[in-house]
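Engineer: One structure follows; several queries about it will come next.
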Amino acid sequence: MDKALRKTTLVYLRRSNQLLLGCKKRGFGAGKWNGMGGKLDPIHDGTDMRLCAARECLEECGLKPTALRLRGILQFYYQQNASWNNQCYVYESWKWDGAAPIESDEMRPDWIDIDKLDYSLLWEDDKHWLPLLIKSPEEPDGASSSEPLFFYSFFFDGKGALERHTKHEAEDFKDLSER
């Protein structure tokens, strides 16, 4: 797999039949609903993707996940701008510090009922992997060592539309799973 890609994270906080999503207010992906997350910052995170995920979630919605579970690794390639290419570590957490999500400069968070999830408001690739995350059961202890469920590469054309995707086998990502 491509080790030169910029490292990013996504976090999906979960409670009963809901996901915490945020509407991106500015920058790349503005207007789309997504999990909380962002780029690895070597100054704050070193190379620890879990630290990055927790930091980004706290910055974007005021909640700090306390039991992150790696659920997948996604690679994104954009013809229109190679600087957007990234390898994203997708986490979920059923536990967090903080009472309620708060709006930030970057995101407007809201709890969304899973059965009312409108994929047309999310990134085009989400329909391929987000159902796999949604189907995963709650693990009360956080199960931080759980194996990821999905591994995909997504390729977007020059206009930003999803052109194709590839589902990978777990062994292709074995050395990346807990970074």
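Residue numbering restarts at 1 for every chain of the structure tokens, chains are lettered A, B, ... in their displayed order, and ligands are numbered from 1 as they appear.
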Name all residues at most 7 Å from region 60-67 of chain A (count only C-alpha atoms; drop same-chain ones fewer than 6 positions away) and give them as a PyMOL selection string.
Structural biologist: chain A and resi 36+54+93-98+101-104+106-107+109+142+144
Engineer: Restricted to all heavy atoms, what would the selected residues look like written as a compact mmCIF listing (two decimals), in the first residue's frame?
Structural biologist:
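So the final result, stored in out25.txt, reads:
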# COMPACT_ATOMS: atom_id res chain seq x y z
N MET A 36 -15.91 13.15 12.60
CA MET A 36 -14.92 14.16 13.01
C MET A 36 -13.53 13.63 12.66
O MET A 36 -13.29 12.43 12.73
CB MET A 36 -15.00 14.40 14.52
CG MET A 36 -16.38 14.71 15.06
SD MET A 36 -17.13 16.16 14.30
CE MET A 36 -18.84 15.68 14.32
N ALA A 54 -8.39 11.35 18.51
CA ALA A 54 -8.99 11.93 19.72
C ALA A 54 -8.84 13.45 19.71
O ALA A 54 -9.78 14.17 20.05
CB ALA A 54 -8.33 11.33 20.96
N SER A 93 -16.20 5.06 18.45
CA SER A 93 -16.16 5.01 19.91
C SER A 93 -17.57 5.14 20.45
O SER A 93 -18.35 5.97 19.99
CB SER A 93 -15.28 6.14 20.46
OG SER A 93 -15.20 6.03 21.87
N TRP A 94 -17.86 4.31 21.44
CA TRP A 94 -19.14 4.37 22.14
C TRP A 94 -19.00 5.12 23.46
O TRP A 94 -19.97 5.28 24.19
CB TRP A 94 -19.65 2.96 22.41
CG TRP A 94 -20.02 2.19 21.17
CD1 TRP A 94 -19.17 1.53 20.33
CD2 TRP A 94 -21.32 2.01 20.64
NE1 TRP A 94 -19.87 0.95 19.30
CE2 TRP A 94 -21.20 1.22 19.47
CE3 TRP A 94 -22.59 2.44 21.02
CZ2 TRP A 94 -22.28 0.85 18.69
CZ3 TRP A 94 -23.68 2.05 20.25
CH2 TRP A 94 -23.52 1.28 19.09
N LYS A 95 -17.77 5.57 23.76
CA LYS A 95 -17.50 6.26 25.03
C LYS A 95 -16.69 7.51 24.75
O LYS A 95 -15.81 7.51 23.90
CB LYS A 95 -16.71 5.35 25.97
CG LYS A 95 -17.45 4.10 26.37
CD LYS A 95 -16.58 3.24 27.25
CE LYS A 95 -17.29 1.95 27.61
NZ LYS A 95 -16.47 1.08 28.44
N TRP A 96 -16.99 8.56 25.51
CA TRP A 96 -16.27 9.83 25.34
C TRP A 96 -16.42 10.68 26.59
O TRP A 96 -17.29 10.45 27.42
CB TRP A 96 -16.79 10.60 24.12
CG TRP A 96 -18.26 10.83 24.17
CD1 TRP A 96 -18.92 11.87 24.78
CD2 TRP A 96 -19.28 10.00 23.62
NE1 TRP A 96 -20.28 11.73 24.64
CE2 TRP A 96 -20.53 10.58 23.91
CE3 TRP A 96 -19.26 8.81 22.89
CZ2 TRP A 96 -21.74 10.03 23.53
CZ3 TRP A 96 -20.47 8.25 22.49
CH2 TRP A 96 -21.68 8.86 22.81
N ASP A 97 -15.51 11.65 26.71
CA ASP A 97 -15.60 12.66 27.76
C ASP A 97 -16.28 13.89 27.17
O ASP A 97 -15.95 14.30 26.05
CB ASP A 97 -14.21 13.05 28.26
CG ASP A 97 -13.55 11.95 29.08
OD1 ASP A 97 -14.29 11.11 29.66
OD2 ASP A 97 -12.31 11.92 29.15
N GLY A 98 -17.20 14.47 27.93
CA GLY A 98 -17.95 15.64 27.48
C GLY A 98 -19.43 15.31 27.46
O GLY A 98 -19.82 14.18 27.19
N PRO A 101 -22.15 17.56 22.14
CA PRO A 101 -21.29 18.14 21.11
C PRO A 101 -21.52 19.64 20.98
O PRO A 101 -22.63 20.13 21.20
CB PRO A 101 -21.71 17.41 19.83
CG PRO A 101 -23.06 16.86 20.10
CD PRO A 101 -23.16 16.66 21.59
N ILE A 102 -20.44 20.35 20.66
CA ILE A 102 -20.55 21.80 20.46
C ILE A 102 -20.03 22.15 19.07
O ILE A 102 -19.14 21.49 18.53
CB ILE A 102 -19.76 22.59 21.53
CG1 ILE A 102 -18.30 22.15 21.56
CG2 ILE A 102 -20.40 22.44 22.90
CD1 ILE A 102 -17.42 22.99 22.44
N GLU A 103 -20.62 23.16 18.50
CA GLU A 103 -20.21 23.61 17.16
C GLU A 103 -18.85 24.28 17.24
O GLU A 103 -18.55 25.02 18.19
CB GLU A 103 -21.26 24.59 16.61
CG GLU A 103 -21.02 24.97 15.17
CD GLU A 103 -22.20 25.71 14.56
OE1 GLU A 103 -23.34 25.59 15.07
OE2 GLU A 103 -21.98 26.40 13.54
N SER A 104 -18.02 24.03 16.23
CA SER A 104 -16.70 24.64 16.15
C SER A 104 -16.63 25.51 14.89
O SER A 104 -17.59 25.58 14.12
CB SER A 104 -15.61 23.56 16.10
OG SER A 104 -15.71 22.83 14.88
N GLU A 106 -15.11 24.79 12.36
CA GLU A 106 -15.03 23.90 11.21
C GLU A 106 -16.25 23.01 11.02
O GLU A 106 -16.60 22.67 9.89
CB GLU A 106 -13.78 23.02 11.35
CG GLU A 106 -13.30 22.48 10.05
CD GLU A 106 -11.91 21.89 10.15
OE1 GLU A 106 -11.13 22.30 11.03
OE2 GLU A 106 -11.62 21.01 9.35
N MET A 107 -16.90 22.59 12.11
CA MET A 107 -17.98 21.61 12.01
C MET A 107 -19.20 22.03 12.82
O MET A 107 -19.09 22.62 13.89
CB MET A 107 -17.51 20.25 12.53
CG MET A 107 -16.39 19.61 11.76
SD MET A 107 -16.90 19.01 10.16
CE MET A 107 -17.06 17.28 10.48
N PRO A 109 -21.87 19.83 14.50
CA PRO A 109 -22.21 18.44 14.79
C PRO A 109 -23.68 18.22 15.14
O PRO A 109 -24.34 19.13 15.64
CB PRO A 109 -21.32 18.11 15.99
CG PRO A 109 -21.14 19.43 16.68
CD PRO A 109 -21.18 20.48 15.59
N GLY A 142 -14.42 -1.17 24.71
CA GLY A 142 -13.72 -0.37 23.71
C GLY A 142 -12.96 -1.19 22.72
O GLY A 142 -12.73 -0.78 21.60
N SER A 144 -9.93 -1.95 21.88
CA SER A 144 -8.98 -1.19 21.06
C SER A 144 -8.12 -2.08 20.17
O SER A 144 -7.54 -1.62 19.22
CB SER A 144 -8.09 -0.34 21.95
OG SER A 144 -7.36 -1.16 22.82
Engineer: With a distance cut-off of 12 Å and only C-alpha atoms, select the neighbouring residues of region 117-129 of chain A, excluding the residue or stretch itself and same-chain residues fewer than 5 positions from it, and output the selection as a ChimeraX atom specification.
Structural biologist: /A:10,17-24,28-35,71-77,90,110-112,134-136,148-156,160-168
Engineer: Would you export the selected residues with N, CA and C atoms as a short mmCIF file (atom, residue, chain, number, x, y, z; two decimals), in the first residue's frame, please?
Structural biologist:
data_model
loop_
_atom_site.label_atom_id
_atom_site.label_comp_id
_atom_site.auth_asym_id
_atom_site.auth_seq_id
_atom_site.Cartn_x
_atom_site.Cartn_y
_atom_site.Cartn_z
N LEU A 10 -10.74 9.67 10.81
CA LEU A 10 -12.17 9.95 10.97
C LEU A 10 -12.63 9.24 12.23
N ASN A 17 -28.87 4.05 18.46
CA ASN A 17 -29.04 3.94 17.01
C ASN A 17 -28.64 5.25 16.31
N GLN A 18 -27.61 5.93 16.83
CA GLN A 18 -27.21 7.21 16.26
C GLN A 18 -25.70 7.28 16.05
N LEU A 19 -25.34 8.11 15.06
CA LEU A 19 -23.95 8.48 14.79
C LEU A 19 -23.82 9.98 14.98
N LEU A 20 -22.69 10.42 15.52
CA LEU A 20 -22.42 11.85 15.56
C LEU A 20 -21.71 12.22 14.27
N LEU A 21 -22.37 13.04 13.47
CA LEU A 21 -21.79 13.54 12.23
C LEU A 21 -21.68 15.05 12.34
N GLY A 22 -20.81 15.62 11.53
CA GLY A 22 -20.67 17.06 11.50
C GLY A 22 -20.78 17.56 10.07
N CYS A 23 -21.45 18.68 9.88
CA CYS A 23 -21.50 19.33 8.58
C CYS A 23 -20.29 20.24 8.48
N LYS A 24 -19.45 19.96 7.50
CA LYS A 24 -18.21 20.74 7.30
C LYS A 24 -18.59 22.15 6.87
N PHE A 28 -11.97 22.08 2.42
CA PHE A 28 -12.17 20.86 1.64
C PHE A 28 -13.37 20.09 2.18
N GLY A 29 -14.36 19.82 1.34
CA GLY A 29 -15.55 19.08 1.75
C GLY A 29 -16.64 19.93 2.38
N ALA A 30 -16.56 21.25 2.26
CA ALA A 30 -17.57 22.12 2.85
C ALA A 30 -18.97 21.73 2.37
N GLY A 31 -19.91 21.66 3.31
CA GLY A 31 -21.29 21.30 2.99
C GLY A 31 -21.59 19.81 3.11
N LYS A 32 -20.57 19.00 3.23
CA LYS A 32 -20.77 17.55 3.37
C LYS A 32 -20.79 17.17 4.85
N TRP A 33 -21.57 16.13 5.16
CA TRP A 33 -21.62 15.57 6.50
C TRP A 33 -20.60 14.44 6.58
N ASN A 34 -19.92 14.36 7.73
CA ASN A 34 -18.85 13.39 7.88
C ASN A 34 -18.61 13.14 9.36
N GLY A 35 -17.77 12.15 9.65
CA GLY A 35 -17.29 11.97 11.01
C GLY A 35 -16.32 13.09 11.34
N ARG A 71 -11.72 0.73 12.79
CA ARG A 71 -12.69 -0.05 12.02
C ARG A 71 -12.29 -0.22 10.57
N GLY A 72 -11.46 0.69 10.03
CA GLY A 72 -11.07 0.54 8.63
C GLY A 72 -9.96 1.49 8.25
N ILE A 73 -9.40 1.22 7.08
CA ILE A 73 -8.39 2.09 6.49
C ILE A 73 -8.83 2.37 5.06
N LEU A 74 -8.87 3.65 4.72
CA LEU A 74 -9.32 4.09 3.40
C LEU A 74 -8.19 4.90 2.75
N GLN A 75 -8.01 4.69 1.46
CA GLN A 75 -7.06 5.50 0.71
C GLN A 75 -7.84 6.27 -0.34
N PHE A 76 -7.53 7.57 -0.44
CA PHE A 76 -8.23 8.45 -1.36
C PHE A 76 -7.23 9.07 -2.33
N TYR A 77 -7.60 9.05 -3.62
CA TYR A 77 -6.76 9.62 -4.68
C TYR A 77 -7.63 10.56 -5.51
N VAL A 90 -10.12 5.00 10.10
CA VAL A 90 -11.50 5.22 10.54
C VAL A 90 -11.72 4.53 11.89
N ASP A 110 -24.14 17.02 14.85
CA ASP A 110 -25.51 16.64 15.21
C ASP A 110 -25.58 15.11 15.27
N TRP A 111 -26.39 14.62 16.19
CA TRP A 111 -26.66 13.18 16.27
C TRP A 111 -27.66 12.82 15.18
N ILE A 112 -27.32 11.84 14.36
CA ILE A 112 -28.16 11.42 13.24
C ILE A 112 -28.63 9.99 13.47
N ILE A 134 -21.52 0.71 10.60
CA ILE A 134 -22.82 0.78 11.28
C ILE A 134 -23.25 -0.60 11.79
N LYS A 135 -22.97 -1.65 11.04
CA LYS A 135 -23.37 -3.01 11.43
C LYS A 135 -22.54 -3.58 12.57
N SER A 136 -21.38 -2.98 12.87
CA SER A 136 -20.53 -3.54 13.91
C SER A 136 -21.17 -3.32 15.28
N PRO A 148 -9.53 -4.26 12.05
CA PRO A 148 -10.37 -3.42 11.17
C PRO A 148 -11.30 -4.29 10.32
N LEU A 149 -12.43 -3.70 9.94
CA LEU A 149 -13.44 -4.40 9.15
C LEU A 149 -13.30 -4.19 7.65
N PHE A 150 -12.72 -3.08 7.24
CA PHE A 150 -12.72 -2.75 5.81
C PHE A 150 -11.46 -2.01 5.41
N PHE A 151 -11.09 -2.22 4.13
CA PHE A 151 -9.90 -1.61 3.53
C PHE A 151 -10.25 -1.30 2.08
N TYR A 152 -10.27 -0.02 1.73
CA TYR A 152 -10.65 0.39 0.39
C TYR A 152 -9.69 1.45 -0.15
N SER A 153 -9.61 1.52 -1.47
CA SER A 153 -9.00 2.65 -2.16
C SER A 153 -10.08 3.26 -3.04
N PHE A 154 -10.17 4.60 -3.03
CA PHE A 154 -11.15 5.33 -3.82
C PHE A 154 -10.43 6.29 -4.75
N PHE A 155 -10.91 6.35 -5.99
CA PHE A 155 -10.28 7.19 -7.02
C PHE A 155 -11.33 8.16 -7.56
N PHE A 156 -11.03 9.46 -7.44
CA PHE A 156 -11.95 10.50 -7.87
C PHE A 156 -11.42 11.14 -9.15
N GLY A 160 -14.00 15.62 -9.24
CA GLY A 160 -14.28 15.24 -7.86
C GLY A 160 -15.31 14.15 -7.69
N ALA A 161 -15.77 13.54 -8.81
CA ALA A 161 -16.74 12.46 -8.72
C ALA A 161 -16.01 11.12 -8.55
N LEU A 162 -16.61 10.23 -7.79
CA LEU A 162 -16.01 8.92 -7.58
C LEU A 162 -15.99 8.17 -8.91
N GLU A 163 -14.80 7.80 -9.34
CA GLU A 163 -14.59 7.13 -10.62
C GLU A 163 -14.60 5.61 -10.45
N ARG A 164 -13.89 5.13 -9.41
CA ARG A 164 -13.84 3.69 -9.14
C ARG A 164 -13.33 3.48 -7.73
N HIS A 165 -13.50 2.26 -7.26
CA HIS A 165 -12.97 1.90 -5.95
C HIS A 165 -12.51 0.46 -5.96
N THR A 166 -11.63 0.15 -5.02
CA THR A 166 -11.10 -1.20 -4.88
C THR A 166 -11.21 -1.61 -3.42
N LYS A 167 -11.77 -2.79 -3.18
CA LYS A 167 -11.78 -3.35 -1.84
C LYS A 167 -10.54 -4.24 -1.72
N HIS A 168 -9.78 -4.06 -0.64
CA HIS A 168 -8.55 -4.81 -0.44
C HIS A 168 -8.74 -5.89 0.61
#
Engineer: Apply DSSP to the structure's backbone, then extract all residues of chain A labelled strand (DSSP E or B) and return them as a ChimeraX atom specification.
Structural biologist: /A:6-15,18-24,33-34,36-39,64-65,69-78,86-93,96-97,107-113,122,150-156,162-167
Engineer: Out of region 109-169 of chain A, which residues get helix (DSSP H, G or I) from DSSP, as a ChimeraX atom specification?
Structural biologist: /A:114-116,119-121,126-135
Engineer: In Å, rounded to a single decimal, give me how far CA of Asn85 (chain A) is from CA of Cys52 (chain A).
Structural biologist: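 Those two atoms sit 17.7 Å apart.
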Engineer: One decimal, Å: what's the distance from CA of Ala82 (chain A) over to CA of Glu171 (chain A), could you say?
Structural biologist: 26.2 Å
Engineer: Using CA of Gln79 (chain A) and CA of Lys159 (chain A) as the two end points, give the distance in Å to one decimal.
Structural biologist: 8.1 Å
